[in-house]
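Participant: Supplied in structure tokens, the structure appears directly below.
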Amino acid sequence: MTEPLVELRAVRKAYGDVIAVDNVSLSIERGKFLVLLGPSGSGKTTLLSILGGFTAPTSGQVHIAGEDVTFVPPARRPTVTVFQDYALFPHMTVHDNVAFGLVMRRVARAERRRRVEQALGVVGLEGFGKRRVHQLSGGQRQRVALARAIVVEPDVLLLDEPLGALDLKIRQQMQEELVHLQRELGTTFVHVTHDQDEALNVGDAIAVMNQGRIEDYGPPERVYLRPASLFAATFMGDSNILSGTATADEGNNVRVDTPLGPVVVARRSEGDAQANGAKVHVSIRPEHIRIGPAQGDGVLSLGEATLTDVVFQGAHRRCHARSHGGQVELILRLPPEQVVAVGDTVPIRARAADLVLLND
Amino acid sequence: MTGSRLRHAPAAAYLVAVLVFIYLPVVILVLFSFQDGILPVPPFQGPSLQWYAKMFSNSRLLDALGNSIAVAVLSSLAATVLGFLAAYGLARHRMRLGGPARFFLMAPIMVSYLIIGMGLLITFNLAGIGKSLVAVGLGHTIINLPLCFAILFSQFGEHHRRIDSAAHDLGASDLQTMIRVTAPMMRPTLFAAFCLSATLSWDEFIIAFLLSRFDVTLPVIIFEMLRAGLTPEVNAAGTMVFAISMSTVLIAASVMLFRRGGK
């Protein structure tokens with residue numbers, strides 16, 4: 001078993017009465033691209049700052065590469081942070097910005113020049129060395145910030161919403177480039193964002209944060225398809241949440257009474273038994289609801305729904321619908337070839353395997 | 001169109017009146033420095049450069065010019081460096097007495113130069129430091145420090161703090177960060193603070209008058225000349241003082257503006 005590169009042990013950070021990070025334990029394997037995903041105020045930036053050494057935790061420990069670095073200053077950690085506003089040195093050329101970390105490490109001039117050129121090449125800025133920072137576009141500044149960080153070959157690269165200030169198009173392009181860069185270098189990346197699409201685009205693993213805690217942590221598919229908490233289900237993309245009551249325990253399944261009728265949902269784990277009468281939620285992704293009568297094994301009928309809004313979005317048709325006498329509002333993502341209109345009342349169904357049981 | 005012009009007429013007239021009020025005395029001072037006669041009063045005769053020739057052969061006045069430059073440059077340098085260090089420390093580190101420290105650094109701005117001058121005179125007397133240009137320079141450092149501190153402190157924002165953090169993150173020590181990143185990044189502001197305090201020191205009379213004895217600065221010489229009587233030579237000296245402060249301010253302003261344009 002390989003030891004994780006980064007290990008947070010019961011890390012907590014309080015600012016007076018406000019708890020920014022609440023008892024977070026997290027291991028990151030070497031070479032992973034981890035995304036810390038959460039809304040603003042969820043503690044993700046504070047957690048990154050604790051990893052980078054800019055913020056000392058109130059309690060708990062940070063281990064990187066087997067060493068306790070909880071109170072080691074940023075300069076002596078094997079981490080480098082790429083800041084949201086890039087924090088480039090405005091009075092220096094691009095070359096001098098990138099060379100800064102090497103100068104501080106007393107790397108000889110010729111070697112320095114070679115490595116700076118190499119790093120600029122990796123981020124696609126060959127020949128930009130003599131430019132000044134204010135002559136660069138936002139995307140180019142972002143690349144300089146990346147080059148300045150990777151040139152010192154850190155074990156962990158910390159990215160604090162690095163694409164937040166960029167236009168959508170450049171942002172998507174930079175997301176792809178970050179993924180390529182990470183694979184090429186094999187460096188462990190920890191990337192903070194509030195954008196769930198970005199999290200899916202770049203991460204090998206996603207940690208969903210809310211109110212200072214990690215609510216879910218796992219590979220993107222798992223976090224999206226089988227979210228571990230109500231918050232994770234709603235924050236990672238659209239979800240239909242049906243609140244209901246557990247009525248019976250059927251082996252590995254739980255029967256839940258929902259406004260759309262009784263459904264049988266797989267239990268998360270052996271230990272996660274639901275008492276009869278417990279309040280639970282069932283999450284269904286919009287693309288998992290289909291129109292038509294329920295037929296075959298493992299397909300559940302969800303009754304009928306009336307479409308209140310239909311928007312053709314190219315890859316799919318996004319619909320709003322009301323069900324259960326108009327009391328339950330649903331979002332559907334139907335295949336584009338399925339022609340429906342506002343006002344249609346249709347039978348809806350879903351595969352039992354696509355339903356996710358969530359605790360209150 | 002005429003309507004709108006008419007509507008703006010009172011405002012325009014007011015502007016002109018204010019500008020005349022501010023600049024007319026200076027214009028008259030400068031004009032009569034070119035007077036071809038022995039009294040700087042109307043009617044204007046001339047123009048003539050004779051008073052400038054007289055001024056530049058006045059060795060006491062030239063000595064004072066040199067003294068003024070030395071005091072302005074050295075005291076402003078001291079005020080800028082001290083102001084930078086204070087601003088850097090108070091902006092970068094959250095400390096228990098940060099608020100009171102800022103207050104006491106800024107407080108001398110509210111004290112009149114006369115009080116500061118008298119206080120220094122008494123203190124220097126007790127400390128056995130005689131009246132001299134060094135004393136004047138120290139006085140000017142004291143009055144300019146709050147100004148330099150205020151200007152520089154206002155420039156340390158969150159963005160600057162992250163730039164410093166980035167330098168630390170890449171392995172720089174506090175001292176290396178300050179010398180290689182913070183100070184160079186603040187260069188335009190440092191220069192502006194230096195120019196502004198040089199201008200204030202250059203014009204300053206009360207402290208210079210109270211704390212100097214044999215070697216004096218230009219404003220003190222001009223005061224002495226005025227006591228001896230009005231001559232266009234005083235106007236010429238005043239014009240020189242004015243021209244030099246104006247150029248310093250203009251240089252500082254253009255550096256600040258150029259910097260904004262460059263961003």
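Quick note on naming: the chains in the structure tokens go A, B, ... in the order shown, residues restart at 1 in each chain, and ligands are numbered from 1 in order of appearance.
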Write out as number ranges by chain all residues of range 129-230 of chain B that DSSP puts in helix (DSSP H, G or I) for this structure's backbone.
Facilitator: B: 133-155, 158-169, 174-185, 187-203, 206-211, 218-228
Participant: Residues within 12 Å of Leu211 in chain B, please, as a ChimeraX atom specification. Count only C-alpha atoms; anything in the same chain fewer than 5 positions from it doesn't count.
Facilitator: /B:113-114,116-125,129-140,204-206,216-217,220
Participant: When you get a sec, could you note down which chain A residues fall within 6 Å of chain B, using only C-alpha atoms, as a ChimeraX atom specification?
Facilitator: /A:74-75,87,91,101,104,134
Participant: Output C-alpha atoms of each residue in that selection to a file, as a PDB file, in the first residue's frame.
Facilitator:
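Wrote again35.pdb, looks like this:
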ATOM      1  CA  PRO A  74       5.038  28.185   2.716  1.00  0.00           C
ATOM      2  CA  ALA A  75       8.638  28.722   1.596  1.00  0.00           C
ATOM      3  CA  ALA A  87      -0.237  37.603  -7.974  1.00  0.00           C
ATOM      4  CA  HIS A  91       7.590  45.146 -12.068  1.00  0.00           C
ATOM      5  CA  GLY A 101      11.586  30.656  -7.428  1.00  0.00           C
ATOM      6  CA  MET A 104      15.526  31.943  -4.454  1.00  0.00           C
ATOM      7  CA  HIS A 134       0.764  44.350 -18.099  1.00  0.00           C
TER       8      HIS A 134
END
Participant: Set the distance at 9 Å and use only C-alpha atoms: which residues neighbour Arg132 in chain A once local chain neighbours fewer than 2 positions away are removed? I'd like the list as number ranges by chain.
Facilitator: A: 90-95, 128-130, 134-136
Participant: Enter the distance from CA of Gly218 in chain A to CA of Leu36 in chain A, in Å, rounded to one decimal.
Facilitator: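 Taking CA of Gly218 in chain A and CA of Leu36 in chain A, their separation equals 11.0 Å.
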Participant: Which residues are close to Leu260 in chain A, i.e. within 7 Å by only C-alpha atoms, leaving aside same-chain residues fewer than 6 positions away? Reply as a list in words.
Facilitator: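 Returned residues: Leu302, Gly303 and His324 of chain A.
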Participant: Residues of the last selection are to be written out with C-alpha atoms, as a PDB file, in the first residue's frame.
Facilitator:
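Result saved to part08.pdb:
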ATOM      1  CA  LEU A 302     -43.415   7.702 -10.974  1.00  0.00           C
ATOM      2  CA  GLY A 303     -46.987   8.437 -11.923  1.00  0.00           C
ATOM      3  CA  HIS A 324     -48.733  14.843  -7.680  1.00  0.00           C
TER       4      HIS A 324
END
Participant: A:Leu185, A:Ala350, A:Leu159, A:Ala165: which is nearest Glu287 in chain A, counting only C-alpha atoms?
Facilitator: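 Of A:Leu185, A:Ala350, A:Leu159, A:Ala165, the one nearest Glu287 in chain A is A:Ala350, counting only C-alpha atoms.
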Participant: With a distance cut-off of 12 Å and only C-alpha atoms, select the neighbouring residues of Asp68 in chain A, excluding the residue or stretch itself and same-chain residues fewer than 6 positions from it, and output the selection as a list in words.
Facilitator: Leu5, Val6, Glu7, Leu8, Arg9, Leu51, Gly53, Gly60, Gln61, Val62, Arg76, Arg77 and Pro78 of chain A
Participant: Given only C-alpha atoms as the basis, pick out the residue of B:Glu233, B:Leu126, B:Phe209, B:Leu250 nearest to Ser57 in chain B.
Facilitator: B:Glu233
Participant: In Å, with one decimal, what is the gap from CA of Asp204 in chain A to CA of Asp155 in chain A?
Facilitator: 16.9 Å
Participant: For each of B:Met240, B:Met256, B:Ile151, B:Val249, take the minimum atom-to-atom distance to Pro188 in chain B, counting only C-alpha atoms, then give the residue where this is smallest.
Facilitator: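 Comparing B:Met240, B:Met256, B:Ile151, B:Val249 against Pro188 in chain B, the winner is B:Met256.
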Participant: Mind giving me the straight-line distance from CA of Ala253 in chain B to CA of Ala198 in chain B in Å, one decimal?
Facilitator: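 Result for CA of Ala253 in chain B versus CA of Ala198 in chain B: 13.6 Å, one decimal.
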Participant: For Gly127 in chain A, work out the shell of residues within 9 Å, counting only C-alpha atoms and skipping chain neighbours fewer than 6 positions away, then give it as an MDAnalysis selection string.
Facilitator: chainID A and resid 117 120:121
Participant: Contacts of range 142-148 of chain B at 9 Å or less, counting only C-alpha atoms, minus same-chain residues fewer than 2 places along, as a PDB file with C-alpha atoms, in the first residue's frame?
Facilitator:
ATOM      1  CA  SER B  75      14.944  64.457   5.224  1.00  0.00           C
ATOM      2  CA  SER B  76      12.575  63.213   2.521  1.00  0.00           C
ATOM      3  CA  ALA B  78      14.582  59.423   5.706  1.00  0.00           C
ATOM      4  CA  ALA B  79      10.822  60.078   5.884  1.00  0.00           C
ATOM      5  CA  THR B  80      10.137  57.872   2.847  1.00  0.00           C
ATOM      6  CA  VAL B  81      12.224  54.953   4.117  1.00  0.00           C
ATOM      7  CA  LEU B  82      10.786  55.172   7.638  1.00  0.00           C
ATOM      8  CA  GLY B  83       7.254  55.626   6.281  1.00  0.00           C
ATOM      9  CA  PHE B  84       7.683  52.611   3.999  1.00  0.00           C
ATOM     10  CA  ALA B  87       3.467  50.996   6.398  1.00  0.00           C
ATOM     11  CA  PHE B 104       0.390  57.940  16.638  1.00  0.00           C
ATOM     12  CA  LEU B 105       2.192  57.773  13.312  1.00  0.00           C
ATOM     13  CA  MET B 106      -0.438  59.997  11.710  1.00  0.00           C
ATOM     14  CA  ALA B 107      -1.050  62.346  14.649  1.00  0.00           C
ATOM     15  CA  PRO B 108       1.770  64.854  13.871  1.00  0.00           C
ATOM     16  CA  ILE B 109      -0.212  65.860  10.750  1.00  0.00           C
ATOM     17  CA  TYR B 113       4.520  73.264  12.686  1.00  0.00           C
ATOM     18  CA  ILE B 116       6.493  70.896  16.615  1.00  0.00           C
ATOM     19  CA  GLY B 137      16.387  68.004   8.727  1.00  0.00           C
ATOM     20  CA  LEU B 138      15.183  66.022  11.739  1.00  0.00           C
ATOM     21  CA  GLY B 139      12.253  68.416  12.089  1.00  0.00           C
ATOM     22  CA  HIS B 140      11.339  67.969   8.441  1.00  0.00           C
ATOM     23  CA  ALA B 150      -0.289  57.596   4.852  1.00  0.00           C
ATOM     24  CA  ILE B 151       0.488  57.552   1.133  1.00  0.00           C
ATOM     25  CA  LEU B 152       2.340  54.247   1.296  1.00  0.00           C
ATOM     26  CA  PHE B 153      -0.043  52.545   3.715  1.00  0.00           C
ATOM     27  CA  LEU B 190       7.773  55.675  -3.072  1.00  0.00           C
ATOM     28  CA  ALA B 192       5.705  60.260  -5.269  1.00  0.00           C
ATOM     29  CA  ALA B 193       5.953  60.238  -1.480  1.00  0.00           C
ATOM     30  CA  PHE B 194       9.568  61.364  -1.728  1.00  0.00           C
ATOM     31  CA  LEU B 196       5.806  65.408  -2.026  1.00  0.00           C
ATOM     32  CA  SER B 197       7.813  65.523   1.174  1.00  0.00           C
ATOM     33  CA  ALA B 198      10.741  67.154  -0.630  1.00  0.00           C
ATOM     34  CA  LEU B 200       7.028  70.432   1.727  1.00  0.00           C
ATOM     35  CA  SER B 201      10.512  70.534   3.206  1.00  0.00           C
TER      36      SER B 201
END
Participant: Which of these residues is nearest to Val202 in chain A, using only C-alpha atoms: A:Asp309, A:Gln173, A:Val328, A:Arg226?
Facilitator: A:Gln173
